[in-house]
>>> print(open('data35.cif').read())   # mmCIF, C-alpha atoms
data_upload
#
loop_
_atom_site.label_atom_id
_atom_site.label_comp_id
_atom_site.auth_asym_id
_atom_site.auth_seq_id
_atom_site.Cartn_x
_atom_site.Cartn_y
_atom_site.Cartn_z
CA MET A 1 -147.77 -169.21 -31.12
CA LEU A 2 -144.46 -171.02 -31.15
CA ILE A 3 -142.95 -168.93 -33.93
CA ASN A 4 -144.14 -165.73 -32.34
CA LEU A 5 -142.65 -166.57 -28.94
CA VAL A 6 -139.38 -167.95 -30.30
CA LYS A 7 -139.03 -165.00 -32.68
CA ASN A 8 -139.47 -162.61 -29.76
CA ALA A 9 -136.88 -164.57 -27.84
CA VAL A 10 -134.43 -164.31 -30.76
CA LYS A 11 -135.16 -160.62 -31.15
CA PHE A 12 -134.33 -159.80 -27.55
CA THR A 13 -131.40 -162.21 -27.10
CA GLU A 14 -127.95 -161.11 -28.26
CA VAL A 15 -125.89 -164.26 -27.88
CA ASP A 16 -126.33 -167.53 -26.05
CA GLU A 17 -129.27 -169.87 -26.33
CA ILE A 18 -133.00 -170.29 -26.41
CA ALA A 19 -134.57 -173.46 -25.05
CA VAL A 20 -137.98 -174.72 -26.06
CA THR A 21 -139.58 -177.52 -24.06
CA LEU A 22 -142.80 -179.44 -24.50
CA SER A 23 -144.28 -181.58 -21.77
CA ALA A 24 -147.58 -183.40 -21.55
CA TYR A 25 -149.96 -184.30 -18.78
CA ARG A 26 -153.01 -186.50 -19.19
CA ILE A 27 -156.06 -184.86 -17.63
CA SER A 28 -158.45 -187.75 -18.24
CA ALA A 29 -158.16 -191.27 -19.60
CA ALA A 30 -159.98 -192.40 -22.72
CA THR A 31 -163.43 -193.91 -22.15
CA GLU A 32 -165.72 -195.74 -24.56
CA LYS A 33 -167.30 -192.44 -25.53
CA ASP A 34 -164.51 -189.88 -25.20
CA ALA A 35 -160.88 -189.67 -26.21
CA ALA A 36 -158.25 -188.96 -23.56
CA MET A 37 -157.75 -185.27 -22.76
CA TRP A 38 -154.24 -183.91 -22.53
CA GLU A 39 -152.68 -180.72 -21.36
CA LEU A 40 -149.60 -179.77 -23.36
CA LYS A 41 -147.22 -177.27 -21.81
CA PHE A 42 -144.80 -175.34 -24.00
CA THR A 43 -142.04 -173.17 -22.59
CA VAL A 44 -139.69 -170.81 -24.39
CA ARG A 45 -136.74 -169.65 -22.27
CA ASP A 46 -134.32 -167.00 -23.43
CA THR A 47 -131.31 -165.25 -21.97
CA GLY A 48 -132.30 -161.86 -23.34
CA ILE A 49 -132.86 -158.43 -21.85
CA GLY A 50 -135.73 -159.55 -19.59
CA ILE A 51 -138.81 -157.60 -18.57
CA ALA A 52 -139.51 -155.84 -15.25
CA LYS A 53 -142.51 -157.28 -13.36
CA ASP A 54 -144.39 -153.98 -13.35
CA LYS A 55 -144.27 -153.98 -17.18
CA TYR A 56 -145.64 -157.50 -17.76
CA TYR A 57 -149.15 -156.16 -18.27
CA ARG A 58 -148.01 -154.04 -21.23
CA LEU A 59 -147.06 -157.14 -23.18
CA PHE A 60 -150.59 -158.35 -23.63
CA ARG A 61 -152.04 -154.98 -24.58
CA PRO A 62 -152.57 -154.20 -28.28
CA PHE A 63 -150.18 -151.74 -29.96
CA SER A 64 -148.08 -151.64 -26.82
CA GLN A 65 -144.44 -152.42 -26.13
CA VAL A 66 -142.49 -152.73 -22.93
CA GLU A 67 -140.37 -149.71 -23.69
CA ASP A 68 -141.98 -146.33 -24.25
CA THR A 69 -141.97 -145.12 -27.83
CA SER A 70 -139.26 -142.55 -27.16
CA THR A 71 -136.80 -145.12 -25.78
CA ARG A 72 -137.68 -148.04 -28.03
CA ARG A 73 -134.83 -150.02 -29.53
CA TYR A 74 -137.00 -152.73 -31.10
CA GLY A 75 -139.72 -152.51 -33.73
CA GLY A 76 -143.09 -154.25 -33.77
CA THR A 77 -146.78 -153.47 -33.47
CA GLY A 78 -147.16 -155.28 -30.17
CA LEU A 79 -150.04 -157.30 -31.60
CA GLY A 80 -148.27 -160.66 -31.57
CA LEU A 81 -148.79 -161.55 -27.92
CA VAL A 82 -152.37 -160.27 -27.92
CA ILE A 83 -153.11 -162.69 -30.76
CA SER A 84 -151.20 -165.52 -29.04
CA ARG A 85 -153.11 -165.00 -25.80
CA THR A 86 -156.46 -165.11 -27.57
CA LEU A 87 -155.48 -168.29 -29.43
CA VAL A 88 -154.22 -169.97 -26.25
CA GLU A 89 -157.50 -169.15 -24.54
CA LEU A 90 -159.44 -170.56 -27.52
CA MET A 91 -157.37 -173.74 -27.09
CA GLY A 92 -158.43 -173.97 -23.44
CA GLY A 93 -155.10 -172.93 -21.96
CA GLU A 94 -153.22 -170.06 -20.40
CA ILE A 95 -150.15 -168.03 -21.25
CA GLY A 96 -147.75 -166.69 -18.65
CA LEU A 97 -144.38 -165.10 -18.19
CA GLU A 98 -141.56 -165.18 -15.69
CA SER A 99 -138.73 -162.80 -16.25
CA GLU A 100 -135.81 -161.03 -14.68
CA VAL A 101 -134.21 -157.91 -16.12
CA GLU A 102 -130.82 -158.63 -17.76
CA VAL A 103 -131.21 -162.36 -17.03
CA GLY A 104 -133.93 -163.50 -19.40
CA SER A 105 -137.56 -164.45 -19.83
CA THR A 106 -139.55 -167.66 -19.86
CA PHE A 107 -142.88 -167.69 -21.63
CA THR A 108 -145.12 -170.65 -20.84
CA PHE A 109 -148.37 -171.61 -22.47
CA THR A 110 -150.67 -174.56 -22.09
CA ILE A 111 -153.31 -175.96 -24.41
CA LYS A 112 -155.90 -178.66 -23.84
CA ALA A 113 -156.42 -181.19 -26.61
CA GLU A 114 -157.93 -184.57 -27.28
CA GLY A 115 -155.23 -187.24 -27.68
CA LEU A 116 -155.45 -189.36 -30.81
CA ALA A 117 -153.72 -192.71 -30.55
CA MET W 1 -209.25 -136.44 -20.46
CA VAL W 2 -205.54 -135.65 -20.19
CA PHE W 3 -203.47 -134.47 -23.12
CA GLU W 4 -199.72 -134.61 -23.11
CA ASP W 5 -197.42 -132.84 -25.47
CA GLN W 6 -194.99 -135.53 -26.65
CA THR W 7 -193.23 -133.41 -29.25
CA LYS W 8 -190.07 -132.95 -27.15
CA MET W 9 -189.85 -136.60 -26.21
CA ARG W 10 -190.30 -137.72 -29.82
CA GLU W 11 -187.66 -135.27 -30.95
CA SER W 12 -185.09 -136.48 -28.45
CA GLU W 13 -185.90 -140.08 -29.34
CA SER W 14 -185.15 -139.42 -32.98
CA VAL W 15 -181.90 -137.59 -32.09
CA LEU W 16 -180.83 -140.59 -30.01
CA ARG W 17 -181.74 -143.00 -32.76
CA GLU W 18 -179.75 -141.01 -35.30
CA SER W 19 -176.65 -140.86 -33.13
CA ARG W 20 -176.89 -144.60 -32.41
CA ASP W 21 -177.13 -145.33 -36.15
CA ARG W 22 -174.16 -143.09 -36.82
CA ALA W 23 -172.08 -144.79 -34.12
CA GLU W 24 -172.97 -148.23 -35.48
CA ALA W 25 -172.11 -147.20 -39.03
CA GLY W 26 -168.78 -145.83 -37.80
CA ASP W 27 -168.05 -149.06 -35.99
CA ARG W 28 -168.87 -151.12 -39.10
CA ALA W 29 -166.68 -148.89 -41.25
CA LYS W 30 -163.80 -149.24 -38.80
CA SER W 31 -164.01 -153.02 -38.59
CA GLN W 32 -164.28 -153.24 -42.40
CA PHE W 33 -161.42 -150.82 -42.98
CA LEU W 34 -158.64 -152.83 -41.36
CA PRO W 35 -159.29 -156.18 -43.07
CA THR W 36 -159.94 -154.54 -46.45
CA MET W 37 -156.78 -152.44 -46.30
CA SER W 38 -154.70 -155.38 -45.11
CA HIS W 39 -156.00 -157.50 -47.94
CA GLU W 40 -155.34 -154.78 -50.51
CA VAL W 41 -151.80 -154.28 -49.19
CA ARG W 42 -151.07 -158.01 -49.35
CA THR W 43 -151.72 -158.42 -53.06
CA PRO W 44 -148.99 -156.06 -54.35
CA LEU W 45 -146.71 -157.23 -51.54
CA ASN W 46 -146.96 -160.80 -52.71
CA GLY W 47 -145.99 -159.55 -56.16
CA ILE W 48 -142.91 -157.81 -54.77
CA LEU W 49 -141.89 -160.86 -52.75
CA GLY W 50 -142.51 -163.30 -55.59
CA PHE W 51 -140.31 -161.37 -58.00
CA THR W 52 -137.69 -160.78 -55.32
CA ASN W 53 -137.42 -164.53 -54.88
CA LEU W 54 -137.15 -165.00 -58.65
CA LEU W 55 -134.39 -162.40 -58.89
CA LEU W 56 -132.53 -164.04 -56.01
CA GLU W 57 -132.24 -167.18 -58.12
CA THR W 58 -130.41 -165.30 -60.90
CA PRO W 59 -126.66 -164.51 -60.93
CA LEU W 60 -126.13 -161.46 -58.70
CA SER W 61 -123.10 -159.72 -57.26
CA ALA W 62 -122.65 -160.05 -53.50
CA GLU W 63 -123.84 -156.49 -53.05
CA GLN W 64 -126.95 -157.01 -55.18
CA HIS W 65 -127.68 -160.22 -53.31
CA GLU W 66 -127.51 -158.43 -49.99
CA CYS W 67 -129.87 -155.71 -51.23
CA MET W 68 -132.36 -158.32 -52.47
CA GLU W 69 -132.22 -160.13 -49.13
CA THR W 70 -133.10 -156.88 -47.38
CA ILE W 71 -136.04 -156.34 -49.73
CA ARG W 72 -137.19 -159.88 -48.99
CA SER W 73 -136.96 -159.62 -45.20
CA SER W 74 -138.69 -156.22 -45.21
CA GLY W 75 -141.47 -157.64 -47.38
CA GLU W 76 -141.88 -160.62 -45.09
CA ALA W 77 -142.13 -158.30 -42.09
CA LEU W 78 -144.92 -156.39 -43.87
CA ILE W 79 -146.79 -159.62 -44.67
CA GLN W 80 -146.54 -160.56 -41.00
CA LEU W 81 -147.89 -157.15 -40.07
CA THR W 82 -150.92 -157.51 -42.35
CA ASP W 83 -151.55 -161.01 -40.95
CA ASP W 84 -151.47 -159.62 -37.41
CA ILE W 85 -153.83 -156.79 -38.30
CA LEU W 86 -156.27 -159.24 -39.91
CA ASP W 87 -156.15 -161.47 -36.83
CA PHE W 88 -156.58 -158.52 -34.52
CA ALA W 89 -159.65 -157.40 -36.50
CA ARG W 90 -161.01 -160.95 -36.18
CA ILE W 91 -160.43 -160.88 -32.40
CA GLU W 92 -162.25 -157.55 -32.11
CA SER W 93 -165.24 -158.86 -34.04
CA GLY W 94 -165.22 -162.23 -32.24
CA ASN W 95 -164.43 -164.06 -35.47
CA LEU W 96 -161.09 -165.67 -34.65
CA LYS W 97 -161.75 -169.40 -35.08
CA LEU W 98 -159.64 -172.52 -34.73
CA ASP W 99 -159.25 -175.09 -37.49
CA LEU W 100 -158.97 -178.39 -35.58
CA LYS W 101 -156.99 -181.21 -37.18
CA PRO W 102 -154.86 -184.12 -36.03
CA CYS W 103 -151.46 -182.69 -35.20
CA ASP W 104 -148.13 -184.16 -34.09
CA PRO W 105 -147.01 -181.70 -31.39
CA CYS W 106 -143.33 -182.72 -31.70
CA GLU W 107 -143.45 -181.87 -35.38
CA SER W 108 -144.95 -178.47 -34.56
CA VAL W 109 -142.05 -177.62 -32.25
CA GLU W 110 -139.51 -178.80 -34.82
CA GLU W 111 -141.22 -176.90 -37.64
CA ALA W 112 -141.21 -173.65 -35.65
CA LEU W 113 -137.53 -174.04 -34.78
CA ASP W 114 -136.57 -174.95 -38.35
CA LEU W 115 -138.29 -171.84 -39.67
CA LEU W 116 -136.31 -169.64 -37.28
CA ALA W 117 -132.96 -171.42 -37.54
CA THR W 118 -131.44 -168.95 -40.03
CA ASN W 119 -132.74 -166.03 -38.04
CA ALA W 120 -131.16 -167.34 -34.84
CA GLY W 121 -127.96 -168.46 -36.56
CA SER W 122 -127.27 -164.99 -37.89
CA LYS W 123 -127.38 -163.70 -34.29
CA ARG W 124 -125.24 -166.56 -32.96
CA VAL W 125 -128.17 -167.72 -30.82
CA GLU W 126 -128.51 -171.46 -30.39
CA LEU W 127 -131.99 -173.01 -30.45
CA LEU W 128 -132.35 -176.04 -28.18
CA HIS W 129 -135.39 -178.18 -27.59
CA TRP W 130 -136.54 -180.89 -25.22
CA ILE W 131 -139.71 -182.91 -25.74
CA ASP W 132 -141.46 -185.15 -23.19
CA GLU W 133 -141.54 -188.75 -24.43
CA SER W 134 -144.90 -189.54 -22.86
CA LEU W 135 -146.58 -187.20 -25.34
CA PRO W 136 -149.46 -188.62 -27.42
CA GLU W 137 -148.45 -189.07 -31.06
CA HIS W 138 -151.28 -186.89 -32.28
CA VAL W 139 -153.66 -184.45 -30.66
CA LEU W 140 -156.65 -182.57 -32.01
CA THR W 141 -155.74 -178.90 -32.28
CA ASP W 142 -155.06 -176.15 -34.81
CA PRO W 143 -151.53 -176.99 -36.05
CA GLY W 144 -151.26 -173.87 -38.23
CA ARG W 145 -151.99 -171.59 -35.31
CA LEU W 146 -149.85 -173.59 -32.90
CA VAL W 147 -146.79 -173.13 -35.10
CA ARG W 148 -147.26 -169.79 -36.78
CA CYS W 149 -148.88 -166.77 -35.14
#
>>> encode(input="data35.cif", output="structure tokens")
Amino acid sequence: MLINLVKNAVKFTEVDEIAVTLSAYRISAATEKDAAMWELKFTVRDTGIGIAKDKYYRLFRPFSQVEDTSTRRYGGTGLGLVISRTLVELMGGEIGLESEVEVGSTFTFTIKAEGLA
Amino acid sequence: MVFEDQTKMRESESVLRESRDRAEAGDRAKSQFLPTMSHEVRTPLNGILGFTNLLLETPLSAEQHECMETIRSSGEALIQLTDDILDFARIESGNLKLDLKPCDPCESVEEALDLLATNAGSKRVELLHWIDESLPEHVLTDPGRLVRC
């Protein structure tokens, strides 16, 4: 997931920076029987071309890109985010996007996992 | 006593059965086609990439080096494509599974950024990261999938 999201960020950012953050939140404490459950939240923020809100849905559709084929400047099958979304869901989390055209995009995903001391 | 002519009904049943069988066979062929093709494409590709890497370690002119680098990055893009197609076929057939292992999430972030450092550097894009200190040292997840994909 991380490589896919950061690679996308690099692909659509010309200059400037990409920031990756990882934060953690404990959902439940460890008991005698069960390990503690954690939610990990990853964000990837870029200062790239951004995506219009009415095109968000295209991102998570297979073989689809934000730009129509005729106007496309960037290559790719459009499978990457479909795979990432499925994996995030298998890991008990969610993937989301906030973006503004010409300002940049922030992809966020969460996963739930047992903490091991 | 009542007799009923069932010929028509039996005929349409067999037509339906046949078309269902055909549809199922088509579906099986389709879901077999993608993984098989991807696998078959990967083998020669790995050969191309392996020998490209070997050649890159020999003395080359700047121009030759640049050409070889292009062959390598194109090959890597194709490998990624076949990986994606294989994963997509697994999603469609409900066979995408996680391989849970102890994983240091900080390491995963650093590994992903390291792997893309050259990529970003060549575009003058800086990769920054911030990691919460309260994070558990290890969690149970699929580290391969967390980093790659």
>>> closest_atom_pairs(input="data35.cif", of="chain A", to="chain W", cutoff="6 Å", atoms="all atoms listed in the file", output="CSV")
residue,atom,partner,partner_atom,distance
A:Met1,CA,W:Cys149,CA,4.8
A:Leu2,CA,W:Val147,CA,5.0
A:Ile3,CA,W:Arg148,CA,5.2
A:Asn4,CA,W:Cys149,CA,5.6
A:Val15,CA,W:Val125,CA,5.1
A:Asp16,CA,W:Val125,CA,5.1
A:Glu17,CA,W:Glu126,CA,4.4
A:Ile18,CA,W:Leu127,CA,5.0
A:Ala19,CA,W:Leu128,CA,4.6
A:Val20,CA,W:His129,CA,4.6
A:Thr21,CA,W:Trp130,CA,4.7
A:Leu22,CA,W:Ile131,CA,4.8
A:Ser23,CA,W:Asp132,CA,4.8
A:Ala24,CA,W:Leu135,CA,5.5
A:Ala113,CA,W:Leu140,CA,5.6
A:Glu114,CA,W:Leu140,CA,5.3
A:Gly115,CA,W:Val139,CA,4.4
A:Leu116,CA,W:His138,CA,5.1
>>> resolve_selection(input="data35.cif", expression="the PyMOL selection byres ((chain A and resi 53) around 10)", output="count of residues only")
12
>>> closest_residue(input="data35.cif", among="A:Lys112, A:Lys7, A:Arg61, A:Arg85", to="A:Glu39", atoms="only C-alpha atoms")
A:Lys112
>>> resolve_selection(input="data35.cif", expression="the PyMOL selection byres ((chain A and resi 12) around 9)", output="list in words")
Lys7, Asn8, Ala9, Val10, Lys11, Thr13, Glu14, Asp46, Thr47, Gly48, Ile49, Gly50, Tyr74 and Gly104 of chain A
>>> atom_distance(input="data35.cif", atom1="atom CA of A:Leu79", atom2="atom CA of A:Phe60")
8.1 Å
>>> residues_around(input="data35.cif", residues="stretch 30-32 of chain W", least_positions_apart="3", cutoff="8 Å", atoms="only C-alpha atoms", output="PyMOL selection string")
chain W and resi 26-27+35-36+89+93
>>> resolve_selection(input="data35.cif", expression="the PyMOL selection byres ((chain W and resi 42) around 10)", output="PyMOL selection string")
chain W and resi 36-41+43-48+75+78-83
>>> atom_distance(input="data35.cif", atom1="atom CA of A:Phe63", atom2="atom CA of W:Arg22")
26.4 Å
>>> atom_distance(input="data35.cif", atom1="atom CA of A:Phe107", atom2="atom CA of A:Val44")
5.2 Å
